[in-house]
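Notes for the one structure printed next.
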There are 2 protein chains.
Amino acid sequence: MSEAYRSLVELSDELAVINSASALLGWDQEVLLPRNGVEHRARQLAWMSGLSHRRWTGEEVGEWIASCESEFFGDGPEAANVREWRHDYERATALPVELVEEFAKTQSLAKVAWASARESSDFGQFAPFLTDLIELTRRKAEHWGGGGNLYDVLLDTYERGAKVADLDGLFGRYRDQLVPLVHEAVEGNRFDQARLLGDYPEEKQEALNREVAESIGFDFEAGRIDTAVHPFCSGMGPGDVRLTTRYDRTDFRKSLFGVLHETGHGLYEQGLPAEYYGQPVGQSVSLGVHESQSRLWENHVGRSPAFWEKWLGRAIEYFPGLSGVTVEEMVASVNQASLSHIRVDADEVTYDLHILLRYDLEKRIFAGELAVEDIPAAWNEEFERMFGERVKNDTEGCLQDIHWSMGIFGYFPTYTLGNLNASQLFAAAMNDSQVANGFDRAEYGPLLDWMRKRVHGQGRRLLPADLVERASGASVSENAHLTHLRKRYLER
Amino acid sequence: MSEAYRSLVELSDELAVINSASALLGWDQEVLLPRNGVEHRARQLAWMSGLSHRRWTGEEVGEWIASCESEFFGDGPEAANVREWRHDYERATALPVELVEEFAKTQSLAKVAWASARESSDFGQFAPFLTDLIELTRRKAEHWGGGGNLYDVLLDTYERGAKVADLDGLFGRYRDQLVPLVHEAVEGNRFDQARLLGDYPEEKQEALNREVAESIGFDFEAGRIDTAVHPFCSGMGPGDVRLTTRYDRTDFRKSLFGVLHETGHGLYEQGLPAEYYGQPVGQSVSLGVHESQSRLWENHVGRSPAFWEKWLGRAIEYFPGLSGVTVEEMVASVNQASLSHIRVDADEVTYDLHILLRYDLEKRIFAGELAVEDIPAAWNEEFERMFGERVKNDTEGCLQDIHWSMGIFGYFPTYTLGNLNASQLFAAAMNDSQVANGFDRAEYGPLLDWMRKRVHGQGRRLLPADLVERASGASVSENAHLTHLRKRYLER
């Protein structure tokens, strides 16, 4: 092993120590920080990310990487590390400082303008800031990408190797079948959700959630669950992975499915290869694969009949008001479709319509085919085409998400990739009879082992699409997910 | 203002940002960290303290300080900063790296040996490690002090400017009067503590504690109270001061007095001058003054009749089992003396006997007058002389405290200084009629204002003894505290 490689491993490790401290500071800010501590916390975080950036963009780092590129080939972890270091180094060094600063400044102005525009459903307030952010993002993508499709460069930020050329085909086929499926699913609804509303004390929800998370494999010696307004999962370094959730006193299912979702992320983090901590090969591979794990445990596991055969009785012990509810009713209640106009409220089957709409608009924006002032009309037209309903106003339309106000473009598609990956990985895992037998008894050790070996334990060795292909035996397609949705929503 | 001074302010500020992040990591370790995250947390903390140390011990720092020393004189904040920077710089740069490393290694071995020795009450197991730690501490003190009384150098680590020559007189006079006072107080006990034991649900204790802390001035927009095995208070930077406590379900007074104590520390932290954040002048002055604030609110306020006139009714609302208890009974119950052999269980009046014993031994050890193997006999003899009882075994004798196993010598006296400072500052404050009137109505705004102005807001401008002298009008003596103890324990 060369000196250069060892230097990169050491630096990666040191930066991981810094970044994991930042992760704790960020977690604390969402969960515990007193109001008056916010300003100082921002200083701490800025100092850490500044230091981390300066260390990683040093000239010697580029030289080390170049020298390693002629040293390692093939499929080994070293070659994978070098490939990903190169990617991260190019990304970190490509942008002029002025562009980074202008972007940050515009971001904070845009976020305020967006919040106000959303409040009053007035896209015009947000439009000039969105125009600036798109222009600055375009310049960033040009620096990063050096020609080619700009939106590809943005996709690659969140999903290494993802390309419009591939997604167009995949998403197009998916969409053609999903739109009629959603409408059929909505018509098939039979369960009255009001029947399950009641009084579910928070500490009992917490106890049930913890039991469920532990039973599917979350290690509480190496993690926690806390409360936060916006639920998330964050890895704070080896042996410390933290989830958050929020509670609705009238509906225990919200926190339960929230916890199942975040536990999916948490299991991935707890399953990363510890021996490569700090190096790319020790990190999660992409958002689209991360999301596959959260969706897998939330939807494939948590909304399955076998899961409720096991857990309904326990839920009734915690919440006696549920007695009389059957497994069939519970399963029906958690697999209901509705034409929600709001992405974050959408059910499993409708959710991707929201994403496909956003993907289409973002792609057209960065291809220069859609001007900012035309976004509301394009959004509304597309929404009506898919949902068969009209958007009430921009607050419930193109102003609903925070992402664009933060200059985040190319992120949305990873949600749909997460769903497709989840179904494809799950179907492949279920071909293993041990996994399938366990699943039928709501014992998920074999399913987790399968994911640990083929997904979690792989880190960033492969590009995400290759990882899914190798794990499932085929490149990702819409088929497994459509099969899953039909079974859940139509054959009931 | 010179370039050198500005550089020092900037560096101080940057190091405060790093150190405050460390404070959060340390706090989290005591309060939340999952067991498996401990190892990585140690790496994060070591990295941060290493970086902070390297930055502060750079050669340019010494040059900046030297140049500032000829720039600033007198009483201003700049001169005080320079004086304290010089002290901190000398302390940080004086030790050879090998000595620091050997000390750290010996510390971790000694801690394990101490725990085992304490378990089996076998001083012999701990003695060789204690011998090493004392020898290494002696070498450290020689590097720091450059001649003179070694124990003075150790005292100065925790209490700037404290000297054996002063403490001998102060502690000697105090001791002569305290020993008979303790015995008289113990004989005067009339209250049966068992009467107050009951069932006090944790969430009600928490609610009462919070109400009390808020009412005496703790700002919850800029702080929190959480649960930890070993209660402490830690400032995490401007706007974020965190206390911890622990709960005994059978006795609400334990967590309440714990919170009053830590709130005293917290009020000091919240009252530091924010405009000097990061600089010495923005920091607390010493352990002995910090402890004066915790003792003040715990003992002078929390154990006073006026406090219970106000709060007993509220406590009964939270804990109906208390109804029938009178203010006189409650006050008697929280001002009881007993000859506890264990320092951490000791009451206000007995506590300092434990400290005076340790001070005497430490002083003799570093004067070369007491060999390690003679410590148990010296401890036991001294204990019997003061307490009139025999030490049962070394576990309840010279092995009871963790401090020596961590190589901490010279720290104990700050507890007694805290008590003496508290009484002297309190007596001076009560000469102000607004403070006294407020106190009699259990309204502590004027008392807090008095401390804010004369203690908290002063930071490290003065040496601690000078601060107490200037705030109270006289250098610290045993008188105010003995008067206070007599009133509380004898005139009842």
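Here's how to read the names in the structure tokens: chain A, B, ... by the order shown, residue numbers from 1 in each chain, ligand numbers from 1 in the order shown.
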Could you give me, as CSV, a per-residue list for chain A showing, wherever an atom lies at most 6 Å from an atom of chain B, the closest pair of atoms and their distance in Å to one decimal, using only C-alpha atoms and sorting by chain then residue number from low to high?
residue,atom,partner,partner_atom,distance
A:Val17,CA,B:Gln44,CA,5.7
A:Pro34,CA,B:Ala222,CA,5.3
A:Arg35,CA,B:Glu221,CA,5.4
A:Asn36,CA,B:Gly239,CA,4.4
A:Gly37,CA,B:Gly239,CA,4.2
A:Gln44,CA,B:Val17,CA,5.7
A:Glu221,CA,B:Arg35,CA,5.3
A:Ala222,CA,B:Asn36,CA,5.0
A:Gly223,CA,B:Pro34,CA,5.7
A:Gly239,CA,B:Gly37,CA,4.2
A:Asp240,CA,B:Gly37,CA,4.9
Quick one: everything within 9 Å of Phe129 (chain B), counting only C-alpha atoms, minus sequence neighbours fewer than 6 positions away in the same chain. Send it as a list of chain:residue names.
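Selected residues are B:Thr106, B:Gln107, B:Leu109, B:Ala110, B:Lys111, B:Ala113, B:Trp114, B:Ser405.
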DSSP on the backbone, then: every residue of region 134-380 of chain B marked helix (DSSP H, G or I), written as a count of residues only.
161
Counting only C-alpha atoms, what is within 12 Å of Ala436 (chain A), bar same-chain residues fewer than 6 positions away, as a ChimeraX atom specification?
/A:301,306,426-430,442-448,450
Restricted to N, CA and C atoms, what would the selected residues look like written as a PDB file, in the first residue's frame?
ATOM      1  N   VAL A 301     -42.664  -4.509   4.939  1.00  0.00           N
ATOM      2  CA  VAL A 301     -42.798  -5.206   6.219  1.00  0.00           C
ATOM      3  C   VAL A 301     -44.003  -4.665   7.004  1.00  0.00           C
ATOM      4  N   ALA A 306     -48.720 -10.295   7.532  1.00  0.00           N
ATOM      5  CA  ALA A 306     -47.946 -11.095   8.504  1.00  0.00           C
ATOM      6  C   ALA A 306     -47.481 -10.227   9.679  1.00  0.00           C
ATOM      7  N   PHE A 426     -36.640  -6.459  -2.278  1.00  0.00           N
ATOM      8  CA  PHE A 426     -37.514  -7.303  -1.461  1.00  0.00           C
ATOM      9  C   PHE A 426     -37.919  -8.565  -2.220  1.00  0.00           C
ATOM     10  N   ALA A 427     -38.308  -8.393  -3.489  1.00  0.00           N
ATOM     11  CA  ALA A 427     -38.725  -9.554  -4.284  1.00  0.00           C
ATOM     12  C   ALA A 427     -37.573 -10.545  -4.399  1.00  0.00           C
ATOM     13  N   ALA A 428     -36.362 -10.024  -4.612  1.00  0.00           N
ATOM     14  CA  ALA A 428     -35.201 -10.915  -4.731  1.00  0.00           C
ATOM     15  C   ALA A 428     -34.950 -11.634  -3.419  1.00  0.00           C
ATOM     16  N   ALA A 429     -35.058 -10.890  -2.320  1.00  0.00           N
ATOM     17  CA  ALA A 429     -34.819 -11.512  -1.019  1.00  0.00           C
ATOM     18  C   ALA A 429     -35.836 -12.612  -0.749  1.00  0.00           C
ATOM     19  N   MET A 430     -37.070 -12.377  -1.180  1.00  0.00           N
ATOM     20  CA  MET A 430     -38.134 -13.347  -0.910  1.00  0.00           C
ATOM     21  C   MET A 430     -37.966 -14.628  -1.733  1.00  0.00           C
ATOM     22  N   ALA A 442     -43.425 -13.145  10.547  1.00  0.00           N
ATOM     23  CA  ALA A 442     -43.016 -11.828  11.078  1.00  0.00           C
ATOM     24  C   ALA A 442     -41.716 -11.926  11.860  1.00  0.00           C
ATOM     25  N   GLU A 443     -40.829 -12.808  11.379  1.00  0.00           N
ATOM     26  CA  GLU A 443     -39.481 -12.853  11.955  1.00  0.00           C
ATOM     27  C   GLU A 443     -38.508 -12.419  10.869  1.00  0.00           C
ATOM     28  N   TYR A 444     -37.850 -11.305  11.118  1.00  0.00           N
ATOM     29  CA  TYR A 444     -37.164 -10.628  10.026  1.00  0.00           C
ATOM     30  C   TYR A 444     -35.645 -10.759  10.061  1.00  0.00           C
ATOM     31  N   GLY A 445     -35.155 -11.644  10.921  1.00  0.00           N
ATOM     32  CA  GLY A 445     -33.713 -11.869  10.954  1.00  0.00           C
ATOM     33  C   GLY A 445     -33.148 -12.228   9.587  1.00  0.00           C
ATOM     34  N   PRO A 446     -33.710 -13.204   8.889  1.00  0.00           N
ATOM     35  CA  PRO A 446     -33.169 -13.574   7.569  1.00  0.00           C
ATOM     36  C   PRO A 446     -33.251 -12.434   6.551  1.00  0.00           C
ATOM     37  N   LEU A 447     -34.347 -11.670   6.583  1.00  0.00           N
ATOM     38  CA  LEU A 447     -34.459 -10.536   5.653  1.00  0.00           C
ATOM     39  C   LEU A 447     -33.366  -9.502   5.945  1.00  0.00           C
ATOM     40  N   LEU A 448     -33.160  -9.218   7.224  1.00  0.00           N
ATOM     41  CA  LEU A 448     -32.113  -8.255   7.583  1.00  0.00           C
ATOM     42  C   LEU A 448     -30.737  -8.783   7.187  1.00  0.00           C
ATOM     43  N   TRP A 450     -30.019 -10.735   4.797  1.00  0.00           N
ATOM     44  CA  TRP A 450     -29.919 -10.622   3.336  1.00  0.00           C
ATOM     45  C   TRP A 450     -29.488  -9.210   2.955  1.00  0.00           C
TER      46      TRP A 450
END
Going by DSSP on the backbone, which bits of region 106-243 of chain B are strand (DSSP E or B)? Write them as a ChimeraX atom specification, please.
/B:223-227,233-235,241-243
Take the residues from that selection and put them in a file with N, CA and C atoms, as a PDB file, in the first residue's frame.
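Writing the result to again.pdb gives the following:
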ATOM      1  N   GLY B 223     -31.236  27.336  28.144  1.00  0.00           N
ATOM      2  CA  GLY B 223     -30.727  26.218  28.939  1.00  0.00           C
ATOM      3  C   GLY B 223     -31.729  25.098  29.087  1.00  0.00           C
ATOM      4  N   ARG B 224     -31.290  24.008  29.676  1.00  0.00           N
ATOM      5  CA  ARG B 224     -32.116  22.815  29.843  1.00  0.00           C
ATOM      6  C   ARG B 224     -31.783  22.148  31.172  1.00  0.00           C
ATOM      7  N   ILE B 225     -32.696  21.259  31.603  1.00  0.00           N
ATOM      8  CA  ILE B 225     -32.387  20.345  32.696  1.00  0.00           C
ATOM      9  C   ILE B 225     -32.638  18.932  32.170  1.00  0.00           C
ATOM     10  N   ASP B 226     -31.671  18.059  32.321  1.00  0.00           N
ATOM     11  CA  ASP B 226     -31.827  16.661  31.910  1.00  0.00           C
ATOM     12  C   ASP B 226     -31.404  15.735  33.048  1.00  0.00           C
ATOM     13  N   THR B 227     -31.407  14.449  32.761  1.00  0.00           N
ATOM     14  CA  THR B 227     -31.107  13.456  33.785  1.00  0.00           C
ATOM     15  C   THR B 227     -29.734  12.832  33.539  1.00  0.00           C
ATOM     16  N   CYS B 233     -23.282  20.684  35.777  1.00  0.00           N
ATOM     17  CA  CYS B 233     -23.747  21.807  34.966  1.00  0.00           C
ATOM     18  C   CYS B 233     -22.667  22.109  33.959  1.00  0.00           C
ATOM     19  N   SER B 234     -23.053  22.362  32.724  1.00  0.00           N
ATOM     20  CA  SER B 234     -22.051  22.613  31.698  1.00  0.00           C
ATOM     21  C   SER B 234     -22.537  23.705  30.751  1.00  0.00           C
ATOM     22  N   GLY B 235     -21.694  24.682  30.537  1.00  0.00           N
ATOM     23  CA  GLY B 235     -22.003  25.752  29.585  1.00  0.00           C
ATOM     24  C   GLY B 235     -21.562  25.326  28.200  1.00  0.00           C
ATOM     25  N   VAL B 241     -26.933  26.606  28.363  1.00  0.00           N
ATOM     26  CA  VAL B 241     -26.338  26.135  29.616  1.00  0.00           C
ATOM     27  C   VAL B 241     -27.190  24.972  30.113  1.00  0.00           C
ATOM     28  N   ARG B 242     -26.562  23.820  30.345  1.00  0.00           N
ATOM     29  CA  ARG B 242     -27.353  22.626  30.670  1.00  0.00           C
ATOM     30  C   ARG B 242     -27.020  22.067  32.046  1.00  0.00           C
ATOM     31  N   LEU B 243     -28.055  21.814  32.808  1.00  0.00           N
ATOM     32  CA  LEU B 243     -27.916  21.161  34.108  1.00  0.00           C
ATOM     33  C   LEU B 243     -28.389  19.728  33.986  1.00  0.00           C
TER      34      LEU B 243
END
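All residues of protein, DNA or RNA that reach within 10 Å of Glu90 (chain B), judged by only C-alpha atoms and not counting those fewer than 3 positions away in the chain, are Thr57, Gly62, Glu84, Trp85, Arg86, His87, Thr93, Ala94, Leu95, His143, Trp144 and Gly145 of chain B.
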For Thr263 (chain A), work out the shell of residues within 9 Å, counting only C-alpha atoms and skipping chain neighbours fewer than 2 positions away, then give it as a ChimeraX atom specification.
/A:213,216-218,233,243,258-261,265-268,293-294,297-298
Any idea what's packed within 12 Å of Glu369 (chain B), counting only C-alpha atoms, ignoring anything in its chain fewer than 6 positions away? Could you give it as a list in words?
Asp360, Leu361, Glu362, Lys363, Ile375 and Ala378 of chain B
Can you tell me which residues surround region 164-169 of chain B at a distance of at most 10 Å, considering only C-alpha atoms, apart from same-chain residues fewer than 5 positions away, and format the answer as number ranges by chain?
B: 149-153, 155, 174-175, 356, 359-360, 363, 413, 417, 477
For the residues selected in the previous step, produce a file with C-alpha atoms as a compact mmCIF listing (two decimals), in the first residue's frame.
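And here is the file that came out, result.txt:
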# COMPACT_ATOMS: atom_id res chain seq x y z
CA ASN B 149 5.73 25.32 47.12
CA LEU B 150 4.57 22.55 44.80
CA TYR B 151 1.14 22.32 46.38
CA ASP B 152 0.64 26.03 45.69
CA VAL B 153 1.12 25.27 42.01
CA LEU B 155 -3.98 24.82 44.07
CA TYR B 174 -12.29 27.57 60.52
CA ARG B 175 -11.52 24.06 61.64
CA LEU B 356 -10.13 19.92 55.64
CA TYR B 359 -6.42 19.33 52.28
CA ASP B 360 -4.19 18.43 55.18
CA LYS B 363 -0.43 19.26 51.56
CA PRO B 413 -10.04 22.90 48.88
CA LEU B 417 -13.62 27.99 49.57
CA SER B 477 -12.72 34.71 56.18
Of B:Gly324, B:Gly288, B:Glu98, B:Val334, the one sitting nearest Ala162 (chain B) when using only C-alpha atoms is B:Gly288
Which residue is closest to Val372 (chain B)? Choose from B:Glu69, B:Asp88, B:Asp132, B:Glu384 and count only C-alpha atoms.
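Closest to Val372 (chain B) of all the choices is B:Asp132.
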Could you tell me how far CA of Thr244 (chain B) lies from CA of Pro231 (chain B), in Å and to one decimal?
4.9 Å
